[in-house]
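Source file: target_39.pdb (PDB, C-alpha atoms and all ligand atoms)
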```pdb
MODEL        1
ATOM      1  CA  MET A   1     -26.703 -19.747   1.761  1.00  0.00           C
ATOM      2  CA  ARG A   2     -23.265 -20.906   0.739  1.00  0.00           C
ATOM      3  CA  SER A   3     -22.566 -21.462  -2.924  1.00  0.00           C
ATOM      4  CA  LEU A   4     -21.311 -24.796  -4.200  1.00  0.00           C
ATOM      5  CA  ALA A   5     -17.956 -23.159  -4.928  1.00  0.00           C
ATOM      6  CA  GLN A   6     -17.703 -22.000  -1.340  1.00  0.00           C
ATOM      7  CA  LEU A   7     -18.580 -25.460  -0.034  1.00  0.00           C
ATOM      8  CA  VAL A   8     -15.908 -27.047  -2.229  1.00  0.00           C
ATOM      9  CA  ASP A   9     -13.436 -24.431  -1.016  1.00  0.00           C
ATOM     10  CA  ASP A  10     -14.289 -25.060   2.609  1.00  0.00           C
ATOM     11  CA  GLY A  11     -13.877 -28.798   1.999  1.00  0.00           C
ATOM     12  CA  LEU A  12     -10.404 -28.268   0.539  1.00  0.00           C
ATOM     13  CA  ASP A  13      -9.510 -26.095   3.511  1.00  0.00           C
ATOM     14  CA  LEU A  14     -10.632 -28.784   5.893  1.00  0.00           C
ATOM     15  CA  LEU A  15      -8.472 -31.374   4.128  1.00  0.00           C
ATOM     16  CA  ALA A  16      -5.471 -29.040   4.255  1.00  0.00           C
ATOM     17  CA  GLY A  17      -6.094 -28.111   7.841  1.00  0.00           C
ATOM     18  CA  ARG A  18      -6.405 -31.419   9.623  1.00  0.00           C
ATOM     19  CA  ARG A  19      -3.172 -30.742  11.401  1.00  0.00           C
ATOM     20  CA  PHE A  20      -0.941 -27.805  11.823  1.00  0.00           C
ATOM     21  CA  ASP A  21       1.669 -27.413   9.143  1.00  0.00           C
ATOM     22  CA  PRO A  22       4.643 -29.470  10.417  1.00  0.00           C
ATOM     23  CA  ASP A  23       6.954 -27.422   8.218  1.00  0.00           C
ATOM     24  CA  LEU A  24       6.197 -24.299  10.197  1.00  0.00           C
ATOM     25  CA  ILE A  25       6.361 -25.985  13.575  1.00  0.00           C
ATOM     26  CA  GLY A  26       9.640 -27.694  12.603  1.00  0.00           C
ATOM     27  CA  GLY A  27      11.015 -24.383  11.360  1.00  0.00           C
ATOM     28  CA  ASN A  28      10.364 -22.754  14.728  1.00  0.00           C
ATOM     29  CA  VAL A  29       8.731 -19.782  13.065  1.00  0.00           C
ATOM     30  CA  ILE A  30       5.419 -19.722  14.944  1.00  0.00           C
ATOM     31  CA  ASP A  31       4.932 -17.389  17.890  1.00  0.00           C
ATOM     32  CA  LEU A  32       2.588 -19.056  20.331  1.00  0.00           C
ATOM     33  CA  GLY A  33       3.248 -16.423  22.948  1.00  0.00           C
ATOM     34  CA  HIS A  34       1.968 -13.111  24.095  1.00  0.00           C
ATOM     35  CA  HIS A  35       0.317 -11.833  20.894  1.00  0.00           C
ATOM     36  CA  ARG A  36      -2.046 -14.705  20.646  1.00  0.00           C
ATOM     37  CA  GLU A  37      -4.957 -13.277  22.631  1.00  0.00           C
ATOM     38  CA  ARG A  38      -4.914  -9.966  20.828  1.00  0.00           C
ATOM     39  CA  VAL A  39      -4.842 -11.334  17.276  1.00  0.00           C
ATOM     40  CA  THR A  40      -7.336 -14.077  18.142  1.00  0.00           C
ATOM     41  CA  ALA A  41      -9.803 -11.478  19.412  1.00  0.00           C
ATOM     42  CA  LEU A  42      -9.345  -9.375  16.267  1.00  0.00           C
ATOM     43  CA  ALA A  43      -9.753 -12.397  13.976  1.00  0.00           C
ATOM     44  CA  ASP A  44     -12.862 -13.515  15.851  1.00  0.00           C
ATOM     45  CA  ARG A  45     -14.480 -10.120  15.348  1.00  0.00           C
ATOM     46  CA  LEU A  46     -13.822 -10.389  11.613  1.00  0.00           C
ATOM     47  CA  ASN A  47     -14.946 -14.022  11.462  1.00  0.00           C
ATOM     48  CA  ALA A  48     -18.319 -13.041  12.918  1.00  0.00           C
ATOM     49  CA  HIS A  49     -18.908 -10.943   9.778  1.00  0.00           C
ATOM     50  CA  ARG A  50     -17.735 -13.484   7.178  1.00  0.00           C
ATOM     51  CA  SER A  51     -19.651 -16.374   5.687  1.00  0.00           C
ATOM     52  CA  GLY A  52     -16.716 -18.767   5.137  1.00  0.00           C
ATOM     53  CA  ARG A  53     -15.274 -21.077   7.758  1.00  0.00           C
ATOM     54  CA  PRO A  54     -13.650 -19.175  10.635  1.00  0.00           C
ATOM     55  CA  LYS A  55      -9.949 -18.443  10.191  1.00  0.00           C
ATOM     56  CA  GLN A  56      -7.531 -18.497  13.045  1.00  0.00           C
ATOM     57  CA  ALA A  57      -4.756 -15.922  13.104  1.00  0.00           C
ATOM     58  CA  VAL A  58      -1.264 -17.311  13.644  1.00  0.00           C
ATOM     59  CA  VAL A  59       1.658 -15.044  14.525  1.00  0.00           C
ATOM     60  CA  LEU A  60       4.965 -15.644  12.746  1.00  0.00           C
ATOM     61  CA  TRP A  61       8.153 -15.209  14.739  1.00  0.00           C
ATOM     62  CA  THR A  62       9.770 -12.382  12.858  1.00  0.00           C
ATOM     63  CA  SER A  63      10.284  -8.672  13.288  1.00  0.00           C
ATOM     64  CA  GLY A  64       9.546  -8.364   9.553  1.00  0.00           C
ATOM     65  CA  TYR A  65       6.378  -6.953   8.095  1.00  0.00           C
ATOM     66  CA  SER A  66       4.693  -9.894   6.455  1.00  0.00           C
ATOM     67  CA  ALA A  67       1.294 -11.459   6.230  1.00  0.00           C
ATOM     68  CA  VAL A  68       0.528 -14.525   4.171  1.00  0.00           C
ATOM     69  CA  THR A  69      -2.038 -17.203   3.744  1.00  0.00           C
ATOM     70  CA  LYS A  70      -2.233 -20.698   2.386  1.00  0.00           C
ATOM     71  CA  ARG A  71      -4.807 -23.457   2.295  1.00  0.00           C
ATOM     72  CA  GLY A  72      -6.155 -24.400   5.695  1.00  0.00           C
ATOM     73  CA  PRO A  73      -7.947 -22.715   8.572  1.00  0.00           C
ATOM     74  CA  TRP A  74      -5.184 -20.185   9.287  1.00  0.00           C
ATOM     75  CA  VAL A  75      -3.981 -16.781   8.214  1.00  0.00           C
ATOM     76  CA  TYR A  76      -0.485 -15.682   9.177  1.00  0.00           C
ATOM     77  CA  ILE A  77       0.831 -12.338  10.350  1.00  0.00           C
ATOM     78  CA  ALA A  78       4.350 -11.362  11.429  1.00  0.00           C
ATOM     79  CA  ARG A  79       4.833 -10.245  14.999  1.00  0.00           C
ATOM     80  CA  GLY A  80       6.648  -7.205  13.601  1.00  0.00           C
ATOM     81  CA  LEU A  81       3.306  -6.027  12.248  1.00  0.00           C
ATOM     82  CA  VAL A  82       1.370  -6.973  15.373  1.00  0.00           C
ATOM     83  CA  ASP A  83       3.848  -5.012  17.494  1.00  0.00           C
ATOM     84  CA  ALA A  84       3.847  -1.914  15.327  1.00  0.00           C
ATOM     85  CA  LEU A  85       0.248  -1.520  14.165  1.00  0.00           C
ATOM     86  CA  SER A  86      -2.983  -0.468  15.847  1.00  0.00           C
ATOM     87  CA  ASP A  87      -5.869  -2.902  16.252  1.00  0.00           C
ATOM     88  CA  ASP A  88      -7.634  -1.331  13.256  1.00  0.00           C
ATOM     89  CA  ALA A  89      -4.573  -1.836  11.054  1.00  0.00           C
ATOM     90  CA  VAL A  90      -3.907  -5.411  12.216  1.00  0.00           C
ATOM     91  CA  ALA A  91      -7.589  -6.173  11.577  1.00  0.00           C
ATOM     92  CA  PHE A  92      -7.209  -4.833   8.028  1.00  0.00           C
ATOM     93  CA  VAL A  93      -4.186  -7.068   7.422  1.00  0.00           C
ATOM     94  CA  LEU A  94      -6.016 -10.141   8.743  1.00  0.00           C
ATOM     95  CA  ALA A  95      -9.119  -9.238   6.725  1.00  0.00           C
ATOM     96  CA  HIS A  96      -6.977  -8.930   3.575  1.00  0.00           C
ATOM     97  CA  GLU A  97      -5.635 -12.457   4.101  1.00  0.00           C
ATOM     98  CA  MET A  98      -9.130 -13.772   4.844  1.00  0.00           C
ATOM     99  CA  GLY A  99     -10.173 -12.087   1.608  1.00  0.00           C
ATOM    100  CA  HIS A 100      -7.808 -14.306  -0.391  1.00  0.00           C
ATOM    101  CA  HIS A 101      -9.764 -17.260   0.991  1.00  0.00           C
ATOM    102  CA  ASP A 102     -13.225 -15.757   0.660  1.00  0.00           C
ATOM    103  CA  LEU A 103     -12.592 -14.487  -2.880  1.00  0.00           C
ATOM    104  CA  ARG A 104     -11.310 -17.953  -3.841  1.00  0.00           C
ATOM    105  CA  HIS A 105      -7.876 -16.709  -4.814  1.00  0.00           C
ATOM    106  CA  LEU A 106      -6.325 -19.894  -3.433  1.00  0.00           C
ATOM    107  CA  SER A 107      -8.190 -22.294  -5.684  1.00  0.00           C
ATOM    108  CA  PRO A 108      -5.752 -24.382  -7.757  1.00  0.00           C
ATOM    109  CA  THR A 109      -6.954 -23.061 -11.116  1.00  0.00           C
ATOM    110  CA  VAL A 110      -6.419 -19.456 -10.040  1.00  0.00           C
ATOM    111  CA  MET A 111      -2.955 -20.248  -8.689  1.00  0.00           C
ATOM    112  CA  ILE A 112      -1.913 -22.031 -11.890  1.00  0.00           C
ATOM    113  CA  ALA A 113      -3.161 -19.148 -14.018  1.00  0.00           C
ATOM    114  CA  GLY A 114      -1.405 -16.726 -11.668  1.00  0.00           C
ATOM    115  CA  LEU A 115      -0.139 -14.243 -14.218  1.00  0.00           C
ATOM    116  CA  LEU A 116       1.328 -11.054 -12.846  1.00  0.00           C
ATOM    117  CA  GLY A 117      -1.623  -8.884 -13.872  1.00  0.00           C
ATOM    118  CA  GLU A 118      -4.028 -11.321 -12.306  1.00  0.00           C
ATOM    119  CA  LEU A 119      -2.017 -11.497  -9.053  1.00  0.00           C
ATOM    120  CA  GLN A 120      -2.014  -7.721  -8.816  1.00  0.00           C
ATOM    121  CA  ARG A 121      -5.740  -7.554  -9.471  1.00  0.00           C
ATOM    122  CA  MET A 122      -6.292 -10.050  -6.643  1.00  0.00           C
ATOM    123  CA  GLU A 123      -4.343  -7.794  -4.260  1.00  0.00           C
ATOM    124  CA  TYR A 124      -6.602  -4.835  -5.000  1.00  0.00           C
ATOM    125  CA  GLN A 125      -9.635  -7.090  -4.625  1.00  0.00           C
ATOM    126  CA  ALA A 126      -8.400  -8.364  -1.252  1.00  0.00           C
ATOM    127  CA  ASP A 127      -7.723  -4.782  -0.079  1.00  0.00           C
ATOM    128  CA  ARG A 128     -11.219  -3.716  -1.051  1.00  0.00           C
ATOM    129  CA  TYR A 129     -12.695  -6.788   0.597  1.00  0.00           C
ATOM    130  CA  ALA A 130     -10.675  -6.077   3.761  1.00  0.00           C
ATOM    131  CA  LEU A 131     -11.927  -2.506   3.889  1.00  0.00           C
ATOM    132  CA  ASP A 132     -15.554  -3.644   3.725  1.00  0.00           C
ATOM    133  CA  LEU A 133     -15.094  -6.519   6.167  1.00  0.00           C
ATOM    134  CA  ALA A 134     -13.238  -4.336   8.682  1.00  0.00           C
ATOM    135  CA  ARG A 135     -15.964  -1.729   8.447  1.00  0.00           C
ATOM    136  CA  ARG A 136     -18.731  -4.322   8.998  1.00  0.00           C
ATOM    137  CA  ALA A 137     -16.871  -5.644  12.035  1.00  0.00           C
ATOM    138  CA  GLY A 138     -16.759  -2.159  13.547  1.00  0.00           C
ATOM    139  CA  PHE A 139     -13.107  -1.329  12.891  1.00  0.00           C
ATOM    140  CA  ASP A 140     -11.948   2.027  11.590  1.00  0.00           C
ATOM    141  CA  PRO A 141     -11.444   1.334   7.865  1.00  0.00           C
ATOM    142  CA  LYS A 142      -8.612   3.890   7.829  1.00  0.00           C
ATOM    143  CA  GLY A 143      -6.599   1.135   9.520  1.00  0.00           C
ATOM    144  CA  GLY A 144      -5.921   0.017   5.948  1.00  0.00           C
ATOM    145  CA  LEU A 145      -4.025   3.220   5.210  1.00  0.00           C
ATOM    146  CA  GLU A 146      -1.937   2.704   8.344  1.00  0.00           C
ATOM    147  CA  ALA A 147      -1.184  -0.899   7.366  1.00  0.00           C
ATOM    148  CA  LEU A 148      -0.158  -0.010   3.794  1.00  0.00           C
ATOM    149  CA  ASP A 149       1.731   3.201   4.596  1.00  0.00           C
ATOM    150  CA  PRO A 150       4.863   3.144   2.374  1.00  0.00           C
ATOM    151  CA  ASP A 151       6.917   5.062   4.971  1.00  0.00           C
ATOM    152  CA  PHE A 152       6.078   2.475   7.600  1.00  0.00           C
ATOM    153  CA  TRP A 153       7.219  -0.355   5.306  1.00  0.00           C
ATOM    154  CA  LYS A 154      10.502   1.404   4.567  1.00  0.00           C
ATOM    155  CA  ALA A 155      11.334   0.958   8.261  1.00  0.00           C
ATOM    156  CA  GLU A 156      11.128  -2.827   8.069  1.00  0.00           C
ATOM    157  CA  PRO A 157      14.215  -4.330   9.761  1.00  0.00           C
ATOM    158  CA  ASP A 158      16.769  -5.773   7.318  1.00  0.00           C
ATOM    159  CA  THR A 159      17.537  -8.662   9.590  1.00  0.00           C
ATOM    160  CA  ALA A 160      13.981  -9.946   9.696  1.00  0.00           C
ATOM    161  CA  MET A 161      13.796 -13.695   9.132  1.00  0.00           C
ATOM    162  CA  ALA A 162      17.600 -13.932   8.932  1.00  0.00           C
ATOM    163  CA  ASP A 163      17.518 -17.045  11.092  1.00  0.00           C
ATOM    164  CA  TRP A 164      14.596 -18.669   9.290  1.00  0.00           C
ATOM    165  CA  PRO A 165      14.997 -21.786   7.183  1.00  0.00           C
ATOM    166  CA  PRO A 166      15.405 -20.466   3.587  1.00  0.00           C
ATOM    167  CA  ARG A 167      12.443 -22.503   2.351  1.00  0.00           C
ATOM    168  CA  LEU A 168      10.083 -20.817   4.809  1.00  0.00           C
ATOM    169  CA  ARG A 169      11.561 -17.402   4.167  1.00  0.00           C
ATOM    170  CA  GLU A 170      10.852 -18.004   0.495  1.00  0.00           C
ATOM    171  CA  TRP A 171       7.272 -19.014   1.319  1.00  0.00           C
ATOM    172  CA  VAL A 172       6.596 -15.796   3.219  1.00  0.00           C
ATOM    173  CA  ASN A 173       8.205 -13.590   0.587  1.00  0.00           C
ATOM    174  CA  ARG A 174       7.092 -15.354  -2.553  1.00  0.00           C
ATOM    175  CA  PHE A 175       4.400 -12.878  -3.546  1.00  0.00           C
ATOM    176  CA  ARG A 176       6.151  -9.689  -2.517  1.00  0.00           C
ATOM    177  CA  LYS A 177       7.479  -8.928  -5.959  1.00  0.00           C
ATOM    178  CA  SER A 178       4.090  -9.461  -7.555  1.00  0.00           C
ATOM    179  CA  HIS A 179       2.270  -7.065  -5.252  1.00  0.00           C
ATOM    180  CA  PRO A 180       1.301  -3.676  -6.631  1.00  0.00           C
ATOM    181  CA  PRO A 181       3.291  -0.760  -5.144  1.00  0.00           C
ATOM    182  CA  LEU A 182       2.019   0.357  -1.747  1.00  0.00           C
ATOM    183  CA  GLU A 183       1.479   3.886  -3.076  1.00  0.00           C
ATOM    184  CA  LEU A 184      -1.047   2.573  -5.604  1.00  0.00           C
ATOM    185  CA  ARG A 185      -2.774   0.324  -3.083  1.00  0.00           C
ATOM    186  CA  CYS A 186      -3.126   3.279  -0.688  1.00  0.00           C
ATOM    187  CA  GLU A 187      -4.518   5.441  -3.461  1.00  0.00           C
ATOM    188  CA  ALA A 188      -7.107   2.779  -4.356  1.00  0.00           C
ATOM    189  CA  LEU A 189      -8.047   2.536  -0.676  1.00  0.00           C
ATOM    190  CA  ARG A 190      -8.369   6.302  -0.360  1.00  0.00           C
ATOM    191  CA  GLN A 191     -10.732   6.343  -3.317  1.00  0.00           C
ATOM    192  CA  ALA A 192     -12.803   3.531  -1.823  1.00  0.00           C
ATOM    193  CA  LEU A 193     -12.948   5.352   1.506  1.00  0.00           C
ATOM    194  CA  ALA A 194     -14.097   8.537  -0.189  1.00  0.00           C
ATOM    195  CA  ALA A 195     -16.837   6.744  -2.153  1.00  0.00           C
ATOM    196  CA  PRO A 196     -20.320   7.050  -0.635  1.00  0.00           C
TER
HETATM  197 ZN    ZN A 201      -2.597 -10.289  -0.540  1.00  0.00          ZN
ENDMDL
END
```
As a first step, turn the structure in this file into structure tokens.
Amino acid sequence: MRSLAQLVDDGLDLLAGRRFDPDLIGGNVIDLGHHRERVTALADRLNAHRSGRPKQAVVLWTSGYSAVTKRGPWVYIARGLVDALSDDAVAFVLAHEMGHHDLRHLSPTVMIAGLLGELQRMEYQADRYALDLARRAGFDPKGGLEALDPDFWKAEPDTAMADWPPRLREWVNRFRKSHPPLELRCEALRQALAAP
């Protein structure tokens, strides 16, 4: 059964998600094209193993390596990631973003109290959640190591999002600086994978 907190959260998501974010549509940063079927199928597999409201995966029009989430029924992933990563790794990325919803990281009180240490802790929590969710949904949980591979991220194109409206670029990148280093996230994942 859903907890009261989860019901309140779902209600807030519904309010936020009555229509698609006009900012993003106006900014021409949504890719409604050829990746849609693949990421929708991956998200659906994950949704079947979550208890919260289903999340729809939306592809952002950038060759960059980004994934973000905000209130509403969507999680966002850059086409750069969708192009470069295996299904298992894309599923991990989507599951991580779903985790921020399911772990209630987006609730206003958490966001206001978003101190750096707390933000970093939430990233590890979302990684761990993603590992478990991906595993339940039948994905190879090592997809997480592929998705967080520091060498892969070093190859991110410099020009990604160069033609984006600055406000939206800022939105996608706003938490990058507060994320723990990829090396540490990989190490935490490796330990979780090795645990019985
Ligand atoms: Zn995150």
So which one's closest to Glu146 (chain A), A:Ser3, A:Thr159, A:Ser86, A:Asn173? Using only C-alpha atoms, please.
A:Ser86
Excluding Arg185 (chain A) and its own-chain neighbours fewer than 6 positions away, which residues fall within 8 Å of it when counting only C-alpha atoms? Please give them as a PDB file with C-alpha atoms, in the coordinates of the input.
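New file out-v6.pdb:
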```
ATOM      1  CA  TYR A 124      -6.602  -4.835  -5.000  1.00  0.00           C
ATOM      2  CA  ASP A 127      -7.723  -4.782  -0.079  1.00  0.00           C
ATOM      3  CA  LEU A 148      -0.158  -0.010   3.794  1.00  0.00           C
TER       4      LEU A 148
END
```
Can you tell me which residues come within 10 Å of ligand ZN 201 (chain A) when counting all atoms listed in the file, ideally as JSON, numbers by chain?
{"A": [67, 68, 69, 93, 94, 95, 96, 97, 98, 99, 100, 105, 119, 120, 121, 122, 123, 124, 125, 126, 127, 175, 176, 178, 179, 180]}
Given the file shown, enumerate the residues that the PyMOL selection byres (((chain A and resi 91) around 12) and not hetatm) captures and present them as a ChimeraX atom specification.
/A:38-47,57,67,75,77,81-82,85-90,92-99,127,130-147
Spatial neighbours of Pro150 (chain A), 10 Å, all atoms listed in the file, chain gap at least 5 places, as a short mmCIF file (atom, residue, chain, number, x, y, z; two decimals) with C-alpha atoms, keeping the file's coordinate frame:
```
data_model
loop_
_atom_site.label_atom_id
_atom_site.label_comp_id
_atom_site.auth_asym_id
_atom_site.auth_seq_id
_atom_site.Cartn_x
_atom_site.Cartn_y
_atom_site.Cartn_z
CA LEU A 145 -4.03 3.22 5.21
CA ALA A 155 11.33 0.96 8.26
CA PRO A 181 3.29 -0.76 -5.14
CA LEU A 182 2.02 0.36 -1.75
CA GLU A 183 1.48 3.89 -3.08
CA LEU A 184 -1.05 2.57 -5.60
CA ARG A 185 -2.77 0.32 -3.08
CA CYS A 186 -3.13 3.28 -0.69
#
```
Looking at A:Leu4, A:Arg79, A:Pro165, A:Arg53, which one is nearest to Gly33 (chain A), with distances taken over all atoms listed in the file?
A:Arg79
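What separates CA of Ala160 (chain A) from CA of His101 (chain A) is a distance of 26.3 Å.
With all atoms listed in the file as the atoms that count, the residue of A:Asp10, A:Met161, A:Tyr129, A:Val172 with the shortest distance to Gly72 (chain A) is A:Asp10.
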Residue nearest Arg169 (chain A) - candidates A:Pro73, A:Gly11, A:Pro54, A:Gly64, atoms counted: only C-alpha atoms:
A:Gly64
Around all the atoms of region 121-136 of chain A listed in the file, draw an axis-aligned box and extend it by 3 Å on each of the six sides; I want its centre and edge lengths in Å to one decimal, as JSON.
```
{"center_x": -11.5, "center_y": -5.9, "center_z": -0.2, "size_x": 20.4, "size_y": 14.3, "size_z": 24.5}
```
Would you work out the distance separating CA of Leu24 (chain A) from CA of Pro166 (chain A), expressed in Å to one decimal?
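Calculated distance between CA of Leu24 (chain A) and CA of Pro166 (chain A) is 12.0 Å.
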Calculate how many Å separate CA of Arg50 (chain A) from CA of Arg104 (chain A), rounding to one decimal.
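The value is 13.5 Å.
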Can you work out which one of A:Ala48, A:Trp61, A:Ala78, A:Leu193 has the shortest atom-to-atom distance to Gly27 (chain A), counting all atoms listed in the file?
A:Trp61
With distances taken over only C-alpha atoms, which of A:Ala194, A:Leu60, A:Ala84, A:Leu106 is nearest to Trp164 (chain A)?
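Checking each of A:Ala194, A:Leu60, A:Ala84, A:Leu106 against Trp164 (chain A), counting only C-alpha atoms, the winner is A:Leu60.
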